>>> print(open('query-v9.cif').read())   # mmCIF, C-alpha atoms and all ligand atoms
data_entry
loop_
_atom_site.group_PDB
_atom_site.id
_atom_site.type_symbol
_atom_site.label_atom_id
_atom_site.label_comp_id
_atom_site.auth_asym_id
_atom_site.auth_seq_id
_atom_site.Cartn_x
_atom_site.Cartn_y
_atom_site.Cartn_z
ATOM 1 C CA MET L 2 65.942 166.652 129.453
ATOM 2 C CA ALA L 3 66.018 167.627 133.146
ATOM 3 C CA GLN L 4 68.040 165.588 135.622
ATOM 4 C CA GLN L 5 66.177 163.008 137.690
ATOM 5 C CA ASN L 6 65.699 164.224 141.283
ATOM 6 C CA TRP L 7 65.125 161.943 144.229
ATOM 7 C CA ASP L 8 63.573 162.789 147.575
ATOM 8 C CA ALA L 9 64.266 159.996 150.065
ATOM 9 C CA SER L 10 61.307 160.921 152.248
ATOM 10 C CA GLU L 11 58.810 160.805 149.339
ATOM 11 C CA TYR L 12 60.438 157.571 148.184
ATOM 12 C CA ARG L 13 60.083 155.969 151.614
ATOM 13 C CA GLN L 14 56.410 156.949 151.828
ATOM 14 C CA HIS L 15 55.273 156.207 148.289
ATOM 15 C CA ALA L 16 57.733 153.777 146.723
ATOM 16 C CA ALA L 17 58.143 151.193 149.480
ATOM 17 C CA PHE L 18 56.899 148.567 146.992
ATOM 18 C CA VAL L 19 60.304 148.702 145.255
ATOM 19 C CA ALA L 20 62.016 147.061 148.236
ATOM 20 C CA LEU L 21 59.035 144.959 149.324
ATOM 21 C CA LEU L 22 58.953 143.201 145.954
ATOM 22 C CA ALA L 23 62.631 142.283 146.062
ATOM 23 C CA ARG L 24 62.370 139.188 148.312
ATOM 24 C CA ASP L 25 63.080 136.753 145.451
ATOM 25 C CA LEU L 26 66.107 138.767 144.446
ATOM 26 C CA ILE L 27 67.561 138.589 147.964
ATOM 27 C CA ASP L 28 66.929 134.842 147.905
ATOM 28 C CA LEU L 29 68.850 134.649 144.632
ATOM 29 C CA LEU L 30 71.704 136.690 146.152
ATOM 30 C CA ASN L 31 71.738 134.256 149.093
ATOM 31 C CA PRO L 32 73.961 136.435 151.302
ATOM 32 C CA GLN L 33 76.279 134.526 153.626
ATOM 33 C CA PRO L 34 77.487 135.788 157.022
ATOM 34 C CA GLY L 35 80.721 137.732 156.735
ATOM 35 C CA GLU L 36 80.370 138.537 153.051
ATOM 36 C CA ALA L 37 81.224 141.979 151.645
ATOM 37 C CA ILE L 38 78.416 143.116 149.366
ATOM 38 C CA LEU L 39 78.198 146.170 147.121
ATOM 39 C CA ASP L 40 74.681 147.528 146.503
ATOM 40 C CA ILE L 41 74.476 149.608 143.314
ATOM 41 C CA GLY L 42 71.740 152.236 143.403
ATOM 42 C CA CYS L 43 71.119 151.528 147.069
ATOM 43 C CA GLY L 44 68.365 154.169 147.239
ATOM 44 C CA ASP L 45 67.197 154.818 150.779
ATOM 45 C CA GLY L 46 69.121 151.783 152.023
ATOM 46 C CA ARG L 47 66.154 149.639 152.915
ATOM 47 C CA LEU L 48 67.414 146.531 151.127
ATOM 48 C CA SER L 49 71.048 147.212 152.037
ATOM 49 C CA ALA L 50 69.993 147.229 155.696
ATOM 50 C CA GLU L 51 68.096 143.954 155.288
ATOM 51 C CA ILE L 52 71.142 142.326 153.754
ATOM 52 C CA GLN L 53 73.408 143.793 156.435
ATOM 53 C CA GLN L 54 71.163 142.246 159.090
ATOM 54 C CA LEU L 55 72.222 138.858 157.719
ATOM 55 C CA ALA L 56 75.705 139.567 159.139
ATOM 56 C CA CYS L 57 77.118 140.886 155.874
ATOM 57 C CA THR L 58 78.969 144.171 155.392
ATOM 58 C CA VAL L 59 77.141 146.242 152.807
ATOM 59 C CA THR L 60 78.585 149.189 150.910
ATOM 60 C CA GLY L 61 76.001 151.242 149.045
ATOM 61 C CA VAL L 62 76.463 153.631 146.152
ATOM 62 C CA ASP L 63 73.863 156.001 144.769
ATOM 63 C CA SER L 64 73.937 159.138 142.634
ATOM 64 C CA SER L 65 71.410 160.989 144.815
ATOM 65 C CA PRO L 66 72.629 162.935 147.891
ATOM 66 C CA SER L 67 69.197 162.523 149.513
ATOM 67 C CA MET L 68 69.313 158.737 149.096
ATOM 68 C CA VAL L 69 72.899 158.464 150.334
ATOM 69 C CA ALA L 70 71.967 160.430 153.464
ATOM 70 C CA ALA L 71 68.967 158.123 154.048
ATOM 71 C CA SER L 72 71.145 155.014 153.631
ATOM 72 C CA LYS L 73 73.723 156.339 156.076
ATOM 73 C CA HIS L 74 70.896 157.018 158.515
ATOM 74 C CA ARG L 75 70.122 153.290 158.392
ATOM 75 C CA GLY L 76 73.740 152.480 159.271
ATOM 76 C CA ILE L 77 74.929 151.670 155.755
ATOM 77 C CA GLN L 78 78.347 152.758 154.555
ATOM 78 C CA ALA L 79 77.074 154.668 151.545
ATOM 79 C CA TYR L 80 78.821 156.800 148.946
ATOM 80 C CA LEU L 81 77.603 159.403 146.489
ATOM 81 C CA LEU L 82 78.685 157.811 143.251
ATOM 82 C CA ASP L 83 77.471 157.383 139.689
ATOM 83 C CA ALA L 84 77.907 153.647 139.091
ATOM 84 C CA HIS L 85 79.256 154.325 135.582
ATOM 85 C CA HIS L 86 82.478 155.262 137.371
ATOM 86 C CA LEU L 87 82.899 152.454 139.906
ATOM 87 C CA HIS L 88 86.355 151.475 138.675
ATOM 88 C CA ALA L 89 87.633 155.057 138.809
ATOM 89 C CA GLN L 90 86.843 155.503 142.490
ATOM 90 C CA ARG L 91 89.240 154.760 145.293
ATOM 91 C CA THR L 92 86.301 154.306 147.684
ATOM 92 C CA ILE L 93 85.369 151.105 145.827
ATOM 93 C CA LYS L 94 88.288 148.747 146.350
ATOM 94 C CA GLN L 95 89.048 146.474 143.390
ATOM 95 C CA SER L 96 88.573 142.704 143.782
ATOM 96 C CA SER L 97 87.153 143.174 147.279
ATOM 97 C CA PHE L 98 83.459 142.190 147.092
ATOM 98 C CA ASP L 99 81.973 138.709 147.366
ATOM 99 C CA ALA L 100 78.854 139.910 145.569
ATOM 100 C CA VAL L 101 77.426 142.935 143.800
ATOM 101 C CA PHE L 102 73.685 143.419 144.166
ATOM 102 C CA SER L 103 71.313 145.843 142.490
ATOM 103 C CA ASN L 104 67.548 146.257 142.561
ATOM 104 C CA ALA L 105 65.603 148.588 140.265
ATOM 105 C CA ALA L 106 68.601 150.746 139.449
ATOM 106 C CA LEU L 107 70.458 149.495 136.363
ATOM 107 C CA HIS L 108 67.802 150.868 133.985
ATOM 108 C CA TRP L 109 68.902 154.381 135.013
ATOM 109 C CA LEU L 110 72.443 153.703 133.778
ATOM 110 C CA ASN L 111 72.557 154.184 130.031
ATOM 111 C CA GLU L 112 76.115 152.987 129.505
ATOM 112 C CA PRO L 113 75.784 149.380 130.688
ATOM 113 C CA GLU L 114 79.218 148.250 129.551
ATOM 114 C CA LYS L 115 80.908 150.788 131.830
ATOM 115 C CA VAL L 116 78.792 149.555 134.730
ATOM 116 C CA ILE L 117 79.511 145.887 134.021
ATOM 117 C CA GLN L 118 83.256 146.565 133.743
ATOM 118 C CA GLY L 119 83.200 148.398 137.078
ATOM 119 C CA VAL L 120 81.275 145.585 138.740
ATOM 120 C CA HIS L 121 83.726 143.024 137.347
ATOM 121 C CA ALA L 122 86.682 144.981 138.737
ATOM 122 C CA ALA L 123 85.046 145.344 142.162
ATOM 123 C CA LEU L 124 84.327 141.612 142.565
ATOM 124 C CA LYS L 125 86.628 138.934 143.907
ATOM 125 C CA PRO L 126 87.255 136.020 141.504
ATOM 126 C CA GLN L 127 84.078 133.858 141.408
ATOM 127 C CA GLY L 128 82.152 136.781 142.908
ATOM 128 C CA ARG L 129 78.422 137.042 142.122
ATOM 129 C CA PHE L 130 76.619 139.800 140.259
ATOM 130 C CA VAL L 131 72.918 139.485 141.127
ATOM 131 C CA ALA L 132 70.479 142.116 139.920
ATOM 132 C CA GLU L 133 67.004 142.966 138.748
ATOM 133 C CA PHE L 134 65.893 145.976 136.739
ATOM 134 C CA GLY L 135 63.491 147.061 134.027
ATOM 135 C CA GLY L 136 63.760 144.775 130.994
ATOM 136 C CA HIS L 137 62.465 144.879 127.441
ATOM 137 C CA GLY L 138 58.794 145.914 127.411
ATOM 138 C CA ASN L 139 58.943 147.484 130.864
ATOM 139 C CA ILE L 140 56.279 150.179 131.444
ATOM 140 C CA ALA L 141 55.344 150.027 127.738
ATOM 141 C CA ALA L 142 51.854 151.453 128.293
ATOM 142 C CA LEU L 143 53.187 154.223 130.547
ATOM 143 C CA LEU L 144 55.842 155.170 127.993
ATOM 144 C CA LYS L 145 53.356 155.138 125.114
ATOM 145 C CA ALA L 146 50.955 157.433 126.968
ATOM 146 C CA MET L 147 53.696 159.866 128.023
ATOM 147 C CA LYS L 148 55.097 160.027 124.482
ATOM 148 C CA GLU L 149 51.646 160.580 122.982
ATOM 149 C CA VAL L 150 50.987 163.482 125.344
ATOM 150 C CA PHE L 151 54.309 165.101 124.399
ATOM 151 C CA ASP L 152 53.548 164.569 120.698
ATOM 152 C CA GLU L 153 50.138 166.198 121.156
ATOM 153 C CA ASN L 154 51.607 169.233 122.963
ATOM 154 C CA SER L 155 54.456 170.662 120.895
ATOM 155 C CA SER L 156 55.261 173.264 123.577
ATOM 156 C CA PHE L 157 56.451 170.412 125.848
ATOM 157 C CA GLY L 158 59.412 169.742 123.518
ATOM 158 C CA GLU L 159 60.618 166.375 122.274
ATOM 159 C CA PHE L 160 59.865 163.258 124.328
ATOM 160 C CA ARG L 161 63.046 161.480 125.418
ATOM 161 C CA HIS L 162 62.918 158.039 126.984
ATOM 162 C CA PRO L 163 65.532 158.153 129.775
ATOM 163 C CA TRP L 164 65.755 154.442 130.578
ATOM 164 C CA TYR L 165 67.655 151.352 129.420
ATOM 165 C CA PHE L 166 65.386 148.277 129.172
ATOM 166 C CA PRO L 167 67.375 145.529 127.382
ATOM 167 C CA LYS L 168 66.336 142.067 126.217
ATOM 168 C CA PRO L 169 67.929 139.153 128.127
ATOM 169 C CA ASP L 170 70.105 138.103 125.171
ATOM 170 C CA GLN L 171 71.424 141.662 124.754
ATOM 171 C CA TYR L 172 72.398 141.935 128.410
ATOM 172 C CA GLN L 173 73.785 138.392 128.494
ATOM 173 C CA THR L 174 76.051 139.244 125.560
ATOM 174 C CA LEU L 175 77.444 142.233 127.479
ATOM 175 C CA LEU L 176 77.992 140.204 130.650
ATOM 176 C CA LYS L 177 79.894 137.513 128.736
ATOM 177 C CA LYS L 178 81.923 140.083 126.801
ATOM 178 C CA HIS L 179 83.157 141.555 130.071
ATOM 179 C CA GLY L 180 84.201 138.353 131.800
ATOM 180 C CA PHE L 181 81.086 136.868 133.412
ATOM 181 C CA LYS L 182 79.523 133.434 133.216
ATOM 182 C CA VAL L 183 75.733 133.855 133.201
ATOM 183 C CA LYS L 184 74.033 131.354 135.524
ATOM 184 C CA SER L 185 70.511 132.605 134.881
ATOM 185 C CA ILE L 186 68.836 135.497 133.119
ATOM 186 C CA GLU L 187 65.119 135.938 132.572
ATOM 187 C CA LEU L 188 62.422 138.446 131.754
ATOM 188 C CA ILE L 189 59.632 138.450 134.340
ATOM 189 C CA PRO L 190 56.382 140.371 133.715
ATOM 190 C CA ARG L 191 55.379 141.747 137.119
ATOM 191 C CA PRO L 192 52.293 143.977 137.164
ATOM 192 C CA THR L 193 52.984 146.290 140.096
ATOM 193 C CA PRO L 194 50.274 147.979 142.198
ATOM 194 C CA LEU L 195 50.881 151.696 142.672
ATOM 195 C CA ASN L 196 49.285 152.187 146.066
ATOM 196 C CA SER L 197 49.966 155.935 146.052
ATOM 197 C CA GLY L 198 48.472 156.321 142.586
ATOM 198 C CA LEU L 199 49.702 157.186 139.117
ATOM 199 C CA GLU L 200 50.402 160.882 139.744
ATOM 200 C CA LYS L 201 52.742 160.067 142.628
ATOM 201 C CA TRP L 202 54.550 157.495 140.491
ATOM 202 C CA LEU L 203 55.036 160.087 137.756
ATOM 203 C CA ALA L 204 56.212 162.706 140.255
ATOM 204 C CA ILE L 205 58.742 160.357 141.863
ATOM 205 C CA PHE L 206 60.002 158.374 138.877
ATOM 206 C CA ALA L 207 59.429 160.516 135.780
ATOM 207 C CA ASN L 208 60.534 163.945 136.932
ATOM 208 C CA SER L 209 63.458 163.835 134.492
ATOM 209 C CA ILE L 210 60.837 163.792 131.712
ATOM 210 C CA THR L 211 58.589 166.507 133.135
ATOM 211 C CA GLY L 212 61.046 168.646 135.135
ATOM 212 C CA HIS L 213 61.194 171.394 132.500
ATOM 213 C CA LEU L 214 57.384 171.780 132.230
ATOM 214 C CA THR L 215 55.620 174.767 133.824
ATOM 215 C CA ALA L 216 53.091 174.062 136.583
ATOM 216 C CA GLU L 217 50.283 174.576 134.058
ATOM 217 C CA GLN L 218 51.893 172.253 131.483
ATOM 218 C CA ASN L 219 52.453 169.648 134.178
ATOM 219 C CA LYS L 220 48.756 169.774 135.046
ATOM 220 C CA VAL L 221 47.870 169.189 131.392
ATOM 221 C CA PHE L 222 50.426 166.364 131.223
ATOM 222 C CA LEU L 223 49.088 164.569 134.306
ATOM 223 C CA ALA L 224 45.469 164.873 133.241
ATOM 224 C CA ALA L 225 46.153 163.645 129.718
ATOM 225 C CA VAL L 226 48.381 160.709 130.790
ATOM 226 C CA THR L 227 45.803 159.684 133.398
ATOM 227 C CA ASP L 228 43.039 159.863 130.826
ATOM 228 C CA LYS L 229 44.920 157.692 128.335
ATOM 229 C CA LEU L 230 45.891 155.070 130.915
ATOM 230 C CA LYS L 231 42.659 154.768 132.887
ATOM 231 C CA ALA L 232 41.269 152.052 130.627
ATOM 232 C CA VAL L 233 44.621 150.230 130.473
ATOM 233 C CA LEU L 234 46.165 150.309 133.968
ATOM 234 C CA TYR L 235 43.309 151.141 136.335
ATOM 235 C CA THR L 236 40.522 148.992 137.793
ATOM 236 C CA ARG L 237 38.229 149.720 140.733
ATOM 237 C CA GLU L 238 39.265 146.472 142.446
ATOM 238 C CA ASN L 239 43.032 146.932 142.140
ATOM 239 C CA GLY L 240 43.556 150.661 141.586
ATOM 240 C CA TRP L 241 46.555 151.639 139.438
ATOM 241 C CA VAL L 242 48.800 148.757 138.417
ATOM 242 C CA ALA L 243 51.956 149.555 136.417
ATOM 243 C CA ASP L 244 53.056 147.265 133.595
ATOM 244 C CA TYR L 245 56.479 146.403 135.021
ATOM 245 C CA VAL L 246 58.694 143.775 133.383
ATOM 246 C CA ARG L 247 61.803 142.746 135.318
ATOM 247 C CA LEU L 248 65.095 141.495 133.923
ATOM 248 C CA ARG L 249 66.633 139.321 136.632
ATOM 249 C CA PHE L 250 70.025 137.617 136.413
ATOM 250 C CA GLU L 251 72.865 135.969 138.286
ATOM 251 C CA ALA L 252 76.342 136.070 136.805
ATOM 252 C CA ILE L 253 79.728 134.891 138.122
ATOM 253 C CA LYS L 254 83.039 136.644 137.643
ATOM 254 C CA LEU L 255 85.392 134.340 135.734
HETATM 255 C C1 LIG U 1 61.266 150.299 137.166
HETATM 256 O O1 LIG U 1 61.578 149.964 138.311
HETATM 257 O O2 LIG U 1 61.058 149.476 136.289
HETATM 258 C C2 LIG U 1 61.172 151.726 136.817
HETATM 259 C C3 LIG U 1 60.941 152.643 137.811
HETATM 260 C C4 LIG U 1 60.875 153.952 137.474
HETATM 261 C C5 LIG U 1 61.020 154.364 136.186
HETATM 262 C C6 LIG U 1 61.223 153.447 135.203
HETATM 263 C C7 LIG U 1 61.286 152.122 135.520
#
>>> encode(input="query-v9.cif", output="structure tokens", more="lines below")
Ligand code: BEZ
Amino acid sequence: MAQQNWDASEYRQHAAFVALLARDLIDLLNPQPGEAILDIGCGDGRLSAEIQQLACTVTGVDSSPSMVAASKHRGIQAYLLDAHHLHAQRTIKQSSFDAVFSNAALHWLNEPEKVIQGVHAALKPQGRFVAEFGGHGNIAALLKAMKEVFDENSSFGEFRHPWYFPKPDQYQTLLKKHGFKVKSIELIPRPTPLNSGLEKWLAIFANSITGHLTAEQNKVFLAAVTDKLKAVLYTRENGWVADYVRLRFEAIKL
């Protein structure tokens, strides 16, 4: 499978909904003036900057150079870092953060225990880990359609699902195992309008699945996925609406 590529400018133009829909999560984080907050998968820094405006100091980490540059441009102290390796990095000081925040990023990290251990090490005692990401059942219709199209076109190769979408009890078990008390954890179905359309969503978010296809194969892929999903995710009134399901939680370092 190809690596996922991010383009901060495309993301800003066509994926602004990711940050706009995170109001409830910021409320749950409840940032207090003077707090040090680590934002995992900070993306283009839009939410980090909002939190920083509340008189907090935000440190962002992201595995995309384009996103890190965009975050820095917004005045965020951002580092190029795969969050599987938080604890191994000197840039992330141990026991130094009041809270760790993450929106729409943890489903890209397929070794959740490493991430949770790194978050635990980065937090001060009683520090908060507040996050939201794709949970069990997330983008089920999108995944089904993409897999079917791969299965119908053997030249595309094997379909590999690149994301981690756990059930609340699975993730809660991991949080407890690694020294957290879980204050809340819930699965929230959140149908999400794709204002820039399905093809843009696929280009921005699923390029790790399609990156190895030729231009001609990609055309076939887009047409076939669109055809399969039109009756499921598209209406004339609302346009394309993705079948997102969020896993949202707040946990406290013991
Ligand atoms: C999500 O935010 O749920 C998501 C975004 C892109 C790909 C997969 C999931």
>>> closest_residue(input="query-v9.cif", among="L:Phe157, L:Arg91, L:Arg247, L:Leu230", to="Thr211 (chain L)", atoms="only C-alpha atoms")
L:Phe157
>>> atom_distance(input="query-v9.cif", atom1="CA of Ile52 (chain L)", atom2="CA of His137 (chain L)")
27.8 Å
>>> closest_residue(input="query-v9.cif", among="L:Ile205, L:Leu144, L:Leu82, L:Ala105", to="ligand LIG 1 (chain U)", atoms="all atoms listed in the file")
L:Ala105
>>> residues_near_ligand(input="query-v9.cif", ligand="ligand LIG 1 (chain U)", cutoff="9 Å", atoms="only C-alpha atoms and all ligand atoms", output="PyMOL selection string")
chain L and resi 19+104-106+108-109+133-136+139-140+163-166+202-203+205-207+244-247
>>> axis_aligned_box(input="query-v9.cif", around="region 67-74 of chain L", padding_each_side="6 Å", output="JSON")
{"center_x": 71.3, "center_y": 158.8, "center_z": 153.8, "size_x": 16.8, "size_y": 19.5, "size_z": 21.4}
>>> atom_distance(input="query-v9.cif", atom1="CA of Ser67 (chain L)", atom2="CA of Leu214 (chain L)")
22.9 Å
>>> closest_residue(input="query-v9.cif", among="L:Ile189, L:Ala216, L:Leu175, L:Ala142", to="Lys229 (chain L)", atoms="all atoms listed in the file")
L:Ala142
>>> resolve_selection(input="query-v9.cif", expression="the PyMOL selection byres (((chain L and resi 199) around 9) and not hetatm)", output="PyMOL selection string")
chain L and resi 195-198+200-204+223+227+241-243
